[in-house]
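The file data_10.pdb contains PDB, C-alpha atoms, pLDDT in the B column:
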MODEL        1
ATOM      1  CA  MET A   1       2.544 -60.725  22.851  1.00 54.00           C
ATOM      2  CA  ASN A   2       1.895 -58.573  19.826  1.00 71.00           C
ATOM      3  CA  GLU A   3      -0.465 -56.402  21.893  1.00 77.00           C
ATOM      4  CA  GLU A   4       2.199 -55.968  24.554  1.00 77.00           C
ATOM      5  CA  LEU A   5       4.792 -55.101  21.942  1.00 75.00           C
ATOM      6  CA  LYS A   6       2.473 -52.488  20.428  1.00 74.00           C
ATOM      7  CA  LYS A   7       1.938 -50.901  23.824  1.00 76.00           C
ATOM      8  CA  TYR A   8       5.675 -50.729  24.456  1.00 72.00           C
ATOM      9  CA  LEU A   9       6.322 -49.210  21.021  1.00 73.00           C
ATOM     10  CA  VAL A  10       3.658 -46.552  21.614  1.00 71.00           C
ATOM     11  CA  PHE A  11       5.240 -45.845  24.992  1.00 75.00           C
ATOM     12  CA  VAL A  12       8.711 -45.564  23.429  1.00 72.00           C
ATOM     13  CA  PHE A  13       7.398 -43.235  20.732  1.00 73.00           C
ATOM     14  CA  LEU A  14       5.605 -40.937  23.190  1.00 74.00           C
ATOM     15  CA  ALA A  15       8.561 -40.906  25.572  1.00 70.00           C
ATOM     16  CA  SER A  16      10.896 -39.980  22.681  1.00 69.00           C
ATOM     17  CA  LEU A  17       8.689 -36.997  21.830  1.00 68.00           C
ATOM     18  CA  PHE A  18       8.898 -35.867  25.412  1.00 66.00           C
ATOM     19  CA  LEU A  19      12.669 -36.237  25.616  1.00 66.00           C
ATOM     20  CA  LEU A  20      13.541 -34.528  22.321  1.00 65.00           C
ATOM     21  CA  PRO A  21      14.645 -30.894  22.792  1.00 62.00           C
ATOM     22  CA  HIS A  22      12.182 -28.137  21.878  1.00 61.00           C
ATOM     23  CA  ASP A  23      12.734 -24.552  20.870  1.00 61.00           C
ATOM     24  CA  VAL A  24      12.600 -22.114  23.755  1.00 62.00           C
ATOM     25  CA  PHE A  25      11.993 -18.532  22.785  1.00 63.00           C
ATOM     26  CA  ALA A  26      13.859 -15.874  24.726  1.00 71.00           C
ATOM     27  CA  ARG A  27      12.026 -12.768  25.898  1.00 83.00           C
ATOM     28  CA  VAL A  28      11.797  -9.772  23.592  1.00 86.00           C
ATOM     29  CA  THR A  29      13.997  -6.863  24.720  1.00 87.00           C
ATOM     30  CA  PRO A  30      13.563  -3.156  23.914  1.00 84.00           C
ATOM     31  CA  GLU A  31      16.547  -3.463  21.554  1.00 87.00           C
ATOM     32  CA  ASP A  32      14.690  -6.188  19.661  1.00 89.00           C
ATOM     33  CA  ILE A  33      11.689  -3.908  19.232  1.00 90.00           C
ATOM     34  CA  VAL A  34      13.796  -0.992  17.956  1.00 91.00           C
ATOM     35  CA  ASN A  35      15.754  -3.250  15.603  1.00 91.00           C
ATOM     36  CA  SER A  36      12.533  -4.723  14.286  1.00 92.00           C
ATOM     37  CA  LYS A  37      11.144  -1.214  13.641  1.00 92.00           C
ATOM     38  CA  LYS A  38      14.406  -0.175  11.965  1.00 92.00           C
ATOM     39  CA  GLU A  39      14.307  -3.218   9.727  1.00 92.00           C
ATOM     40  CA  ALA A  40      10.716  -2.474   8.699  1.00 93.00           C
ATOM     41  CA  TYR A  41      11.693   1.163   8.071  1.00 94.00           C
ATOM     42  CA  GLU A  42      14.715   0.217   5.925  1.00 91.00           C
ATOM     43  CA  ASN A  43      12.605  -2.210   3.881  1.00 91.00           C
ATOM     44  CA  ARG A  44      10.058   0.513   3.138  1.00 92.00           C
ATOM     45  CA  VAL A  45      12.290   3.548   2.648  1.00 91.00           C
ATOM     46  CA  VAL A  46      14.489   1.815   0.087  1.00 92.00           C
ATOM     47  CA  ASN A  47      11.676   2.345  -2.430  1.00 91.00           C
ATOM     48  CA  TYR A  48      11.312   6.057  -1.660  1.00 92.00           C
ATOM     49  CA  SER A  49      12.894   8.855  -3.703  1.00 93.00           C
ATOM     50  CA  ALA A  50      16.379  10.032  -2.688  1.00 94.00           C
ATOM     51  CA  SER A  51      15.094  13.449  -1.555  1.00 94.00           C
ATOM     52  CA  HIS A  52      12.393  11.885   0.659  1.00 94.00           C
ATOM     53  CA  ARG A  53      14.933   9.506   2.175  1.00 94.00           C
ATOM     54  CA  GLN A  54      17.263  12.399   2.939  1.00 95.00           C
ATOM     55  CA  ASN A  55      14.445  14.511   4.413  1.00 94.00           C
ATOM     56  CA  LEU A  56      13.387  11.648   6.686  1.00 95.00           C
ATOM     57  CA  GLU A  57      16.960  11.161   7.814  1.00 95.00           C
ATOM     58  CA  ASN A  58      17.346  14.872   8.592  1.00 95.00           C
ATOM     59  CA  LEU A  59      14.069  14.940  10.506  1.00 96.00           C
ATOM     60  CA  SER A  60      15.065  11.852  12.477  1.00 96.00           C
ATOM     61  CA  LYS A  61      18.321  13.585  13.491  1.00 96.00           C
ATOM     62  CA  ARG A  62      16.393  16.702  14.513  1.00 97.00           C
ATOM     63  CA  ILE A  63      14.058  14.671  16.743  1.00 97.00           C
ATOM     64  CA  ALA A  64      17.044  12.963  18.370  1.00 97.00           C
ATOM     65  CA  GLU A  65      18.729  16.355  18.885  1.00 97.00           C
ATOM     66  CA  VAL A  66      15.643  17.893  20.512  1.00 97.00           C
ATOM     67  CA  ASN A  67      15.223  14.819  22.714  1.00 97.00           C
ATOM     68  CA  ARG A  68      18.862  15.009  23.800  1.00 97.00           C
ATOM     69  CA  ASN A  69      18.793  18.750  24.553  1.00 97.00           C
ATOM     70  CA  ARG A  70      15.526  18.680  26.456  1.00 97.00           C
ATOM     71  CA  THR A  71      16.321  15.570  28.486  1.00 97.00           C
ATOM     72  CA  ASN A  72      19.696  17.109  29.387  1.00 97.00           C
ATOM     73  CA  GLU A  73      17.825  20.166  30.645  1.00 96.00           C
ATOM     74  CA  LEU A  74      15.374  18.020  32.639  1.00 97.00           C
ATOM     75  CA  ASP A  75      18.250  15.987  34.052  1.00 97.00           C
ATOM     76  CA  ARG A  76      19.985  19.138  35.344  1.00 96.00           C
ATOM     77  CA  ILE A  77      16.723  20.121  37.054  1.00 96.00           C
ATOM     78  CA  MET A  78      16.404  16.698  38.680  1.00 97.00           C
ATOM     79  CA  VAL A  79      19.992  16.738  39.986  1.00 96.00           C
ATOM     80  CA  THR A  80      19.365  20.174  41.488  1.00 95.00           C
ATOM     81  CA  GLN A  81      16.113  19.013  43.086  1.00 96.00           C
ATOM     82  CA  ALA A  82      18.036  16.180  44.721  1.00 96.00           C
ATOM     83  CA  TYR A  83      20.675  18.598  46.078  1.00 94.00           C
ATOM     84  CA  ILE A  84      17.947  20.844  47.499  1.00 95.00           C
ATOM     85  CA  LEU A  85      16.309  17.911  49.255  1.00 95.00           C
ATOM     86  CA  ASP A  86      19.672  16.807  50.650  1.00 93.00           C
ATOM     87  CA  GLU A  87      20.278  20.289  52.071  1.00 93.00           C
ATOM     88  CA  TYR A  88      16.759  20.397  53.512  1.00 94.00           C
ATOM     89  CA  GLU A  89      17.268  17.009  55.140  1.00 93.00           C
ATOM     90  CA  ARG A  90      20.537  18.213  56.647  1.00 91.00           C
ATOM     91  CA  ARG A  91      18.819  21.271  58.101  1.00 91.00           C
ATOM     92  CA  SER A  92      15.828  19.270  59.332  1.00 91.00           C
ATOM     93  CA  ASP A  93      17.999  17.245  61.669  1.00 87.00           C
ATOM     94  CA  GLY A  94      15.751  14.197  61.656  1.00 88.00           C
ATOM     95  CA  LYS A  95      12.424  16.048  61.587  1.00 89.00           C
ATOM     96  CA  ASN A  96       9.825  15.778  58.803  1.00 91.00           C
ATOM     97  CA  SER A  97      11.283  12.450  57.673  1.00 93.00           C
ATOM     98  CA  GLU A  98       8.070  11.162  56.087  1.00 94.00           C
ATOM     99  CA  ALA A  99       7.761  14.190  53.819  1.00 95.00           C
ATOM    100  CA  ILE A 100      11.437  13.932  52.892  1.00 96.00           C
ATOM    101  CA  LYS A 101      11.039  10.257  52.061  1.00 96.00           C
ATOM    102  CA  ASN A 102       8.001  11.010  49.919  1.00 96.00           C
ATOM    103  CA  ALA A 103       9.785  13.820  48.073  1.00 97.00           C
ATOM    104  CA  ARG A 104      12.788  11.593  47.467  1.00 97.00           C
ATOM    105  CA  TYR A 105      10.572   8.913  45.996  1.00 98.00           C
ATOM    106  CA  TRP A 106       9.018  11.322  43.464  1.00 97.00           C
ATOM    107  CA  ILE A 107      12.395  12.872  42.611  1.00 97.00           C
ATOM    108  CA  THR A 108      13.811   9.412  41.891  1.00 97.00           C
ATOM    109  CA  TYR A 109      10.721   8.479  39.886  1.00 98.00           C
ATOM    110  CA  ALA A 110      10.989  11.607  37.723  1.00 98.00           C
ATOM    111  CA  HIS A 111      14.745  11.248  37.326  1.00 97.00           C
ATOM    112  CA  GLU A 112      14.347   7.681  36.082  1.00 97.00           C
ATOM    113  CA  ALA A 113      11.640   8.827  33.670  1.00 98.00           C
ATOM    114  CA  VAL A 114      14.071  11.414  32.273  1.00 98.00           C
ATOM    115  CA  ALA A 115      16.791   8.778  31.774  1.00 97.00           C
ATOM    116  CA  TYR A 116      14.282   6.457  30.114  1.00 96.00           C
ATOM    117  CA  GLN A 117      13.137   9.232  27.755  1.00 97.00           C
ATOM    118  CA  ALA A 118      16.726  10.140  26.907  1.00 97.00           C
ATOM    119  CA  ALA A 119      17.392   6.577  25.776  1.00 95.00           C
ATOM    120  CA  LYS A 120      14.409   6.413  23.422  1.00 96.00           C
ATOM    121  CA  ILE A 121      14.943   6.044  19.688  1.00 95.00           C
ATOM    122  CA  TYR A 122      12.183   7.224  17.363  1.00 96.00           C
ATOM    123  CA  VAL A 123      11.827   5.291  14.094  1.00 95.00           C
ATOM    124  CA  PHE A 124       9.283   6.389  11.505  1.00 95.00           C
ATOM    125  CA  ASP A 125       6.483   3.905  10.948  1.00 94.00           C
ATOM    126  CA  LEU A 126       6.055   4.244   7.187  1.00 93.00           C
ATOM    127  CA  SER A 127       2.912   3.185   5.348  1.00 93.00           C
ATOM    128  CA  ALA A 128       3.449   4.532   1.816  1.00 92.00           C
ATOM    129  CA  GLU A 129       5.467   7.285   0.104  1.00 92.00           C
ATOM    130  CA  SER A 130       2.265   9.229  -0.556  1.00 93.00           C
ATOM    131  CA  ASN A 131       1.667   9.304   3.220  1.00 93.00           C
ATOM    132  CA  ILE A 132       5.168  10.423   4.117  1.00 94.00           C
ATOM    133  CA  THR A 133       4.126  13.691   5.781  1.00 95.00           C
ATOM    134  CA  LYS A 134       1.363  12.036   7.789  1.00 95.00           C
ATOM    135  CA  ASP A 135       3.734   9.251   8.897  1.00 95.00           C
ATOM    136  CA  ALA A 136       6.369  11.787   9.957  1.00 96.00           C
ATOM    137  CA  LEU A 137       3.783  13.859  11.863  1.00 96.00           C
ATOM    138  CA  ASN A 138       2.546  10.734  13.676  1.00 96.00           C
ATOM    139  CA  THR A 139       6.056  10.046  14.957  1.00 96.00           C
ATOM    140  CA  ILE A 140       6.483  13.685  16.027  1.00 97.00           C
ATOM    141  CA  SER A 141       3.146  13.522  17.875  1.00 97.00           C
ATOM    142  CA  LEU A 142       4.299  10.397  19.703  1.00 97.00           C
ATOM    143  CA  PHE A 143       7.584  12.102  20.618  1.00 98.00           C
ATOM    144  CA  GLN A 144       5.698  15.195  21.801  1.00 98.00           C
ATOM    145  CA  SER A 145       3.370  13.122  23.955  1.00 98.00           C
ATOM    146  CA  GLU A 146       6.199  11.139  25.578  1.00 97.00           C
ATOM    147  CA  LEU A 147       8.503  14.101  26.200  1.00 98.00           C
ATOM    148  CA  ASN A 148       5.627  16.135  27.626  1.00 97.00           C
ATOM    149  CA  SER A 149       4.750  13.246  29.940  1.00 98.00           C
ATOM    150  CA  THR A 150       8.343  13.237  31.199  1.00 98.00           C
ATOM    151  CA  ARG A 151       8.266  17.017  31.662  1.00 98.00           C
ATOM    152  CA  ALA A 152       5.035  16.678  33.657  1.00 97.00           C
ATOM    153  CA  LYS A 153       6.734  14.195  36.005  1.00 98.00           C
ATOM    154  CA  VAL A 154       9.575  16.678  36.598  1.00 98.00           C
ATOM    155  CA  ILE A 155       7.053  19.436  37.373  1.00 97.00           C
ATOM    156  CA  ASN A 156       5.168  17.111  39.732  1.00 97.00           C
ATOM    157  CA  SER A 157       8.330  16.217  41.615  1.00 97.00           C
ATOM    158  CA  ARG A 158       9.180  19.928  41.892  1.00 97.00           C
ATOM    159  CA  LYS A 159       5.738  20.570  43.402  1.00 96.00           C
ATOM    160  CA  THR A 160       6.250  17.762  45.935  1.00 97.00           C
ATOM    161  CA  LEU A 161       9.660  19.184  46.814  1.00 97.00           C
ATOM    162  CA  MET A 162       8.182  22.679  47.175  1.00 96.00           C
ATOM    163  CA  ASP A 163       5.516  21.359  49.570  1.00 95.00           C
ATOM    164  CA  THR A 164       8.266  19.714  51.592  1.00 95.00           C
ATOM    165  CA  VAL A 165      10.727  22.610  51.891  1.00 93.00           C
ATOM    166  CA  LYS A 166       8.127  25.385  52.293  1.00 89.00           C
ATOM    167  CA  PRO A 167       8.237  26.724  55.858  1.00 82.00           C
ATOM    168  CA  LYS A 168       5.151  25.645  57.807  1.00 75.00           C
TER     169      LYS A 168
ATOM    170  CA  MET B   1      12.842 -56.454  33.216  1.00 61.00           C
ATOM    171  CA  LYS B   2      11.466 -55.725  29.759  1.00 76.00           C
ATOM    172  CA  ILE B   3      10.113 -52.369  30.890  1.00 75.00           C
ATOM    173  CA  THR B   4      13.493 -51.493  32.350  1.00 75.00           C
ATOM    174  CA  LYS B   5      15.179 -52.270  29.034  1.00 79.00           C
ATOM    175  CA  ILE B   6      12.644 -50.142  27.163  1.00 75.00           C
ATOM    176  CA  LEU B   7      13.172 -47.233  29.533  1.00 76.00           C
ATOM    177  CA  ILE B   8      16.931 -47.441  29.115  1.00 77.00           C
ATOM    178  CA  ILE B   9      16.522 -47.449  25.311  1.00 81.00           C
ATOM    179  CA  VAL B  10      14.213 -44.415  25.491  1.00 77.00           C
ATOM    180  CA  VAL B  11      16.688 -42.471  27.621  1.00 80.00           C
ATOM    181  CA  LEU B  12      19.564 -43.359  25.301  1.00 82.00           C
ATOM    182  CA  ILE B  13      17.567 -42.336  22.193  1.00 83.00           C
ATOM    183  CA  GLY B  14      16.614 -39.036  23.779  1.00 80.00           C
ATOM    184  CA  ALA B  15      20.160 -38.270  24.927  1.00 81.00           C
ATOM    185  CA  GLY B  16      21.565 -39.203  21.530  1.00 82.00           C
ATOM    186  CA  ALA B  17      19.058 -37.017  19.721  1.00 81.00           C
ATOM    187  CA  PHE B  18      19.878 -34.145  22.074  1.00 77.00           C
ATOM    188  CA  ILE B  19      23.603 -34.424  21.418  1.00 78.00           C
ATOM    189  CA  LEU B  20      23.171 -34.727  17.633  1.00 80.00           C
ATOM    190  CA  MET B  21      20.856 -31.747  17.405  1.00 74.00           C
ATOM    191  CA  ASN B  22      23.239 -29.526  19.328  1.00 69.00           C
ATOM    192  CA  ARG B  23      26.384 -30.588  17.549  1.00 66.00           C
ATOM    193  CA  GLY B  24      25.903 -29.349  14.007  1.00 56.00           C
ATOM    194  CA  SER B  25      23.580 -26.366  14.230  1.00 53.00           C
ATOM    195  CA  ASP B  26      23.075 -23.184  16.192  1.00 51.00           C
ATOM    196  CA  SER B  27      21.527 -23.818  19.527  1.00 46.00           C
ATOM    197  CA  LYS B  28      17.869 -22.904  19.428  1.00 47.00           C
ATOM    198  CA  ILE B  29      17.223 -23.866  22.987  1.00 47.00           C
ATOM    199  CA  VAL B  30      18.086 -20.568  24.555  1.00 46.00           C
ATOM    200  CA  SER B  31      19.315 -17.572  22.621  1.00 42.00           C
ATOM    201  CA  PRO B  32      19.155 -14.621  24.905  1.00 44.00           C
ATOM    202  CA  GLN B  33      19.287 -11.281  23.148  1.00 43.00           C
ATOM    203  CA  THR B  34      21.945  -9.199  24.795  1.00 42.00           C
ATOM    204  CA  ALA B  35      22.420  -5.535  24.173  1.00 42.00           C
ATOM    205  CA  SER B  36      25.989  -6.072  22.964  1.00 41.00           C
ATOM    206  CA  SER B  37      24.896  -8.274  20.057  1.00 42.00           C
ATOM    207  CA  LYS B  38      22.310  -5.811  18.801  1.00 42.00           C
ATOM    208  CA  GLU B  39      22.720  -3.279  15.977  1.00 48.00           C
ATOM    209  CA  VAL B  40      21.206  -0.542  18.082  1.00 54.00           C
ATOM    210  CA  VAL B  41      23.201   0.720  21.014  1.00 51.00           C
ATOM    211  CA  ALA B  42      21.009   2.284  23.640  1.00 53.00           C
ATOM    212  CA  THR B  43      21.621   5.969  24.017  1.00 53.00           C
ATOM    213  CA  PRO B  44      23.419   6.493  27.309  1.00 53.00           C
ATOM    214  CA  SER B  45      21.812   8.498  30.082  1.00 53.00           C
ATOM    215  CA  PRO B  46      22.302  12.225  29.716  1.00 56.00           C
ATOM    216  CA  THR B  47      25.548  13.525  31.164  1.00 55.00           C
ATOM    217  CA  PRO B  48      24.778  17.093  32.080  1.00 52.00           C
ATOM    218  CA  THR B  49      27.300  19.875  32.540  1.00 52.00           C
ATOM    219  CA  PRO B  50      28.418  19.807  36.202  1.00 53.00           C
ATOM    220  CA  ILE B  51      26.215  22.146  38.162  1.00 54.00           C
ATOM    221  CA  PRO B  52      28.083  24.401  40.586  1.00 55.00           C
ATOM    222  CA  VAL B  53      25.341  23.945  43.139  1.00 61.00           C
ATOM    223  CA  ILE B  54      26.198  25.417  46.469  1.00 68.00           C
ATOM    224  CA  PHE B  55      23.512  25.296  49.106  1.00 76.00           C
ATOM    225  CA  ASN B  56      24.346  26.427  52.544  1.00 75.00           C
ATOM    226  CA  GLN B  57      22.498  27.456  55.653  1.00 77.00           C
ATOM    227  CA  SER B  58      21.537  30.807  54.178  1.00 79.00           C
ATOM    228  CA  SER B  59      20.211  29.441  50.853  1.00 81.00           C
ATOM    229  CA  ASP B  60      16.524  29.991  50.289  1.00 89.00           C
ATOM    230  CA  LEU B  61      15.511  26.452  49.332  1.00 91.00           C
ATOM    231  CA  GLU B  62      11.974  27.484  48.488  1.00 92.00           C
ATOM    232  CA  ALA B  63      13.161  30.107  45.991  1.00 91.00           C
ATOM    233  CA  GLU B  64      15.705  27.696  44.541  1.00 91.00           C
ATOM    234  CA  THR B  65      12.962  25.105  44.012  1.00 94.00           C
ATOM    235  CA  GLU B  66      10.662  27.724  42.508  1.00 92.00           C
ATOM    236  CA  SER B  67      13.305  28.523  39.870  1.00 92.00           C
ATOM    237  CA  LEU B  68      13.461  24.908  38.696  1.00 94.00           C
ATOM    238  CA  THR B  69      10.685  25.225  36.139  1.00 93.00           C
ATOM    239  CA  PRO B  70      11.381  23.425  32.854  1.00 94.00           C
ATOM    240  CA  ASN B  71      11.164  25.542  29.708  1.00 93.00           C
ATOM    241  CA  ASP B  72       8.193  25.331  27.426  1.00 94.00           C
ATOM    242  CA  PHE B  73       8.914  22.840  24.626  1.00 96.00           C
ATOM    243  CA  SER B  74       6.110  24.001  22.298  1.00 96.00           C
ATOM    244  CA  ASN B  75       8.419  25.771  19.874  1.00 96.00           C
ATOM    245  CA  ASP B  76      10.458  22.605  19.399  1.00 96.00           C
ATOM    246  CA  TYR B  77       7.400  20.604  18.389  1.00 97.00           C
ATOM    247  CA  LYS B  78       6.172  23.422  16.152  1.00 96.00           C
ATOM    248  CA  THR B  79       9.525  23.541  14.330  1.00 96.00           C
ATOM    249  CA  LEU B  80       9.592  19.766  13.895  1.00 96.00           C
ATOM    250  CA  LYS B  81       6.054  19.735  12.489  1.00 96.00           C
ATOM    251  CA  GLU B  82       6.931  22.531  10.080  1.00 95.00           C
ATOM    252  CA  GLU B  83       9.909  20.518   8.870  1.00 93.00           C
ATOM    253  CA  ALA B  84       7.702  17.456   8.442  1.00 94.00           C
ATOM    254  CA  GLY B  85       5.248  19.541   6.421  1.00 92.00           C
ATOM    255  CA  LYS B  86       7.973  20.458   3.963  1.00 89.00           C
ATOM    256  CA  ILE B  87       8.841  16.833   3.148  1.00 85.00           C
TER     257      ILE B  87
ENDMDL
END
Spit out the file's structure as structure tokens when you get a sec.
Amino acid sequence: MNEELKKYLVFVFLASLFLLPHDVFARVTPEDIVNSKKEAYENRVVNYSASHRQNLENLSKRIAEVNRNRTNELDRIMVTQAYILDEYERRSDGKNSEAIKNARYWITYAHEAVAYQAAKIYVFDLSAESNITKDALNTISLFQSELNSTRAKVINSRKTLMDTVKPK
Amino acid sequence: MKITKILIIVVLIGAGAFILMNRGSDSKIVSPQTASSKEVVATPSPTPTPIPVIFNQSSDLEAETESLTPNDFSNDYKTLKEEAGKI
């Protein structure tokens, strides 16, 4: 009897563990990542001198301004590419559909890359006040790499469009 | 019969624990992060100046495409790096 009771108690205990609610962690979003970086930045920069804090803030605004201006420029190019392809398709009258489809794919791909780049927020990854210049340059290098990659996609889509509309 | 009683008790304990845990505290079961509850608001897509694009039958599409070369961004990066150097 005692053995049976022990078995039932063990069963009840294990079943209770199974039935109790557990934490479920939601997926990490891009906003979470940016907020986490901002929090780390704020925790570090609070110990920096006032002039360094101001300089970092100014530089951050400059990066955002350059990103905005250049992605606006790239976006205008992508809209125009799309108009050109539309006009070409109208003139083609059903011919060359595969090439048109291919060009449209790469135009959409580049246009999405431009929108994605425009939405990016660059937060300095600070190590120490003595490394402030190096930390700032690292962020600028990252920005340069990402914006150049976006620009390359726009140039590639232009090339594809050129190959499509060029008279054969 | 005994097993049935035990099972019923287990289910009741689990349900009771579930209700108690959710009553007094923030739900930790699912807390989806939505953009609206975040400090950072994603920068909206660029809204360019409307382009008075007029292509008609006589437009040279090849030439128009040729003109769509993005500017060189090197000066921007150079200026930013110079500013960083002054910090």
(request) Can you turn the PyMOL selection byres ((chain A and resi 131-141) around 12) into a concrete residue list for this file, as a PyMOL selection string? (result) (chain A and resi 41+44-45+48-49+51-53+55-60+62-64+66-67+121-130+142-148) or (chain B and resi 74+76-87)
Please save C-alpha atoms of the selected residues as a PDB file, in the frame of the given file.
ATOM      1  CA  TYR A  41      11.693   1.163   8.071  1.00 94.00           C
ATOM      2  CA  ARG A  44      10.058   0.513   3.138  1.00 92.00           C
ATOM      3  CA  VAL A  45      12.290   3.548   2.648  1.00 91.00           C
ATOM      4  CA  TYR A  48      11.312   6.057  -1.660  1.00 92.00           C
ATOM      5  CA  SER A  49      12.894   8.855  -3.703  1.00 93.00           C
ATOM      6  CA  SER A  51      15.094  13.449  -1.555  1.00 94.00           C
ATOM      7  CA  HIS A  52      12.393  11.885   0.659  1.00 94.00           C
ATOM      8  CA  ARG A  53      14.933   9.506   2.175  1.00 94.00           C
ATOM      9  CA  ASN A  55      14.445  14.511   4.413  1.00 94.00           C
ATOM     10  CA  LEU A  56      13.387  11.648   6.686  1.00 95.00           C
ATOM     11  CA  GLU A  57      16.960  11.161   7.814  1.00 95.00           C
ATOM     12  CA  ASN A  58      17.346  14.872   8.592  1.00 95.00           C
ATOM     13  CA  LEU A  59      14.069  14.940  10.506  1.00 96.00           C
ATOM     14  CA  SER A  60      15.065  11.852  12.477  1.00 96.00           C
ATOM     15  CA  ARG A  62      16.393  16.702  14.513  1.00 97.00           C
ATOM     16  CA  ILE A  63      14.058  14.671  16.743  1.00 97.00           C
ATOM     17  CA  ALA A  64      17.044  12.963  18.370  1.00 97.00           C
ATOM     18  CA  VAL A  66      15.643  17.893  20.512  1.00 97.00           C
ATOM     19  CA  ASN A  67      15.223  14.819  22.714  1.00 97.00           C
ATOM     20  CA  ILE A 121      14.943   6.044  19.688  1.00 95.00           C
ATOM     21  CA  TYR A 122      12.183   7.224  17.363  1.00 96.00           C
ATOM     22  CA  VAL A 123      11.827   5.291  14.094  1.00 95.00           C
ATOM     23  CA  PHE A 124       9.283   6.389  11.505  1.00 95.00           C
ATOM     24  CA  ASP A 125       6.483   3.905  10.948  1.00 94.00           C
ATOM     25  CA  LEU A 126       6.055   4.244   7.187  1.00 93.00           C
ATOM     26  CA  SER A 127       2.912   3.185   5.348  1.00 93.00           C
ATOM     27  CA  ALA A 128       3.449   4.532   1.816  1.00 92.00           C
ATOM     28  CA  GLU A 129       5.467   7.285   0.104  1.00 92.00           C
ATOM     29  CA  SER A 130       2.265   9.229  -0.556  1.00 93.00           C
ATOM     30  CA  LEU A 142       4.299  10.397  19.703  1.00 97.00           C
ATOM     31  CA  PHE A 143       7.584  12.102  20.618  1.00 98.00           C
ATOM     32  CA  GLN A 144       5.698  15.195  21.801  1.00 98.00           C
ATOM     33  CA  SER A 145       3.370  13.122  23.955  1.00 98.00           C
ATOM     34  CA  GLU A 146       6.199  11.139  25.578  1.00 97.00           C
ATOM     35  CA  LEU A 147       8.503  14.101  26.200  1.00 98.00           C
ATOM     36  CA  ASN A 148       5.627  16.135  27.626  1.00 97.00           C
TER      37      ASN A 148
ATOM     38  CA  SER B  74       6.110  24.001  22.298  1.00 96.00           C
ATOM     39  CA  ASP B  76      10.458  22.605  19.399  1.00 96.00           C
ATOM     40  CA  TYR B  77       7.400  20.604  18.389  1.00 97.00           C
ATOM     41  CA  LYS B  78       6.172  23.422  16.152  1.00 96.00           C
ATOM     42  CA  THR B  79       9.525  23.541  14.330  1.00 96.00           C
ATOM     43  CA  LEU B  80       9.592  19.766  13.895  1.00 96.00           C
ATOM     44  CA  LYS B  81       6.054  19.735  12.489  1.00 96.00           C
ATOM     45  CA  GLU B  82       6.931  22.531  10.080  1.00 95.00           C
ATOM     46  CA  GLU B  83       9.909  20.518   8.870  1.00 93.00           C
ATOM     47  CA  ALA B  84       7.702  17.456   8.442  1.00 94.00           C
ATOM     48  CA  GLY B  85       5.248  19.541   6.421  1.00 92.00           C
ATOM     49  CA  LYS B  86       7.973  20.458   3.963  1.00 89.00           C
ATOM     50  CA  ILE B  87       8.841  16.833   3.148  1.00 85.00           C
TER      51      ILE B  87
END
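Here atom CA of Asp32 of chain A and atom CA of Gln117 of chain A stand 17.5 Å from one another.
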(message) Using all atoms listed in the file, which protein or nucleic acid residues come within 10 Å of Ile6 of chain B? Drop anything in the same chain fewer than 5 positions from it, and give the result as a list in words.
(response) Tyr8, Leu9, Phe11 and Val12 of chain A; Met1, Val11 and Leu12 of chain B
(request) Tell me, as a ChimeraX atom specification, which residues lie within 8 Å of Val154 of chain A, counting all atoms listed in the file; anything in the same chain fewer than 5 positions away does not count. (result) /A:74,77-78,107,110-111 /B:70
Can those selected residues be exported to a file as a PDB file, in the frame of the given file so that it contains C-alpha atoms?
ATOM      1  CA  LEU A  74      15.374  18.020  32.639  1.00 97.00           C
ATOM      2  CA  ILE A  77      16.723  20.121  37.054  1.00 96.00           C
ATOM      3  CA  MET A  78      16.404  16.698  38.680  1.00 97.00           C
ATOM      4  CA  ILE A 107      12.395  12.872  42.611  1.00 97.00           C
ATOM      5  CA  ALA A 110      10.989  11.607  37.723  1.00 98.00           C
ATOM      6  CA  HIS A 111      14.745  11.248  37.326  1.00 97.00           C
TER       7      HIS A 111
ATOM      8  CA  PRO B  70      11.381  23.425  32.854  1.00 94.00           C
TER       9      PRO B  70
END
(message) Show me, as a PyMOL selection string, the residues that have an atom within 12 Å of Ser67 of chain B when counting all atoms listed in the file, minus same-chain residues fewer than 2 positions from it.
(response) (chain A and resi 77+80-81+84+155+158-159+162) or (chain B and resi 60-65+69-71)
(request) Kindly give the distance, in Å, that separates atom CA of Asn43 of chain A and atom CA of Lys61 of chain A, rounded to a single decimal. (result)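 Answer for the atom CA of Asn43 of chain A to atom CA of Lys61 of chain A separation: 19.4 Å.
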Would you give the centre and edge lengths, in Å to one decimal, of a box along x, y and z around the listed atoms of segment 66-79 of chain A, with 5 Å added to each side, as AutoDock Vina command-line options?
--center_x 17.6 --center_y 17.5 --center_z 30.2 --size_x 14.8 --size_y 15.3 --size_z 29.5
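Between atom CA of Arg68 of chain A and atom CA of Pro30 of chain A the interatomic distance comes to 18.9 Å.
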(message) I'd like to know which of B:Met21, B:Gly14, B:Ser58, B:Lys2 is closest to chain A, using all atoms listed in the file.
(response) B:Gly14
(message) Between A:Lys168, A:Lys7, A:Lys101, A:Arg151, which residue has the minimum interatomic distance to Arg70 of chain A, considering all atoms listed in the file?
(response) A:Arg151
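Using only C-alpha atoms for every distance, the candidate list A:Ala15, A:Ala152, A:Leu5, A:Val165 yields A:Ala15 as the residue closest to Ile9 of chain B.
If only C-alpha atoms are the atoms counted, then among A:Ser149, A:Glu4, A:Ile33, A:Leu85 the closest residue to Asn102 of chain A is A:Leu85.
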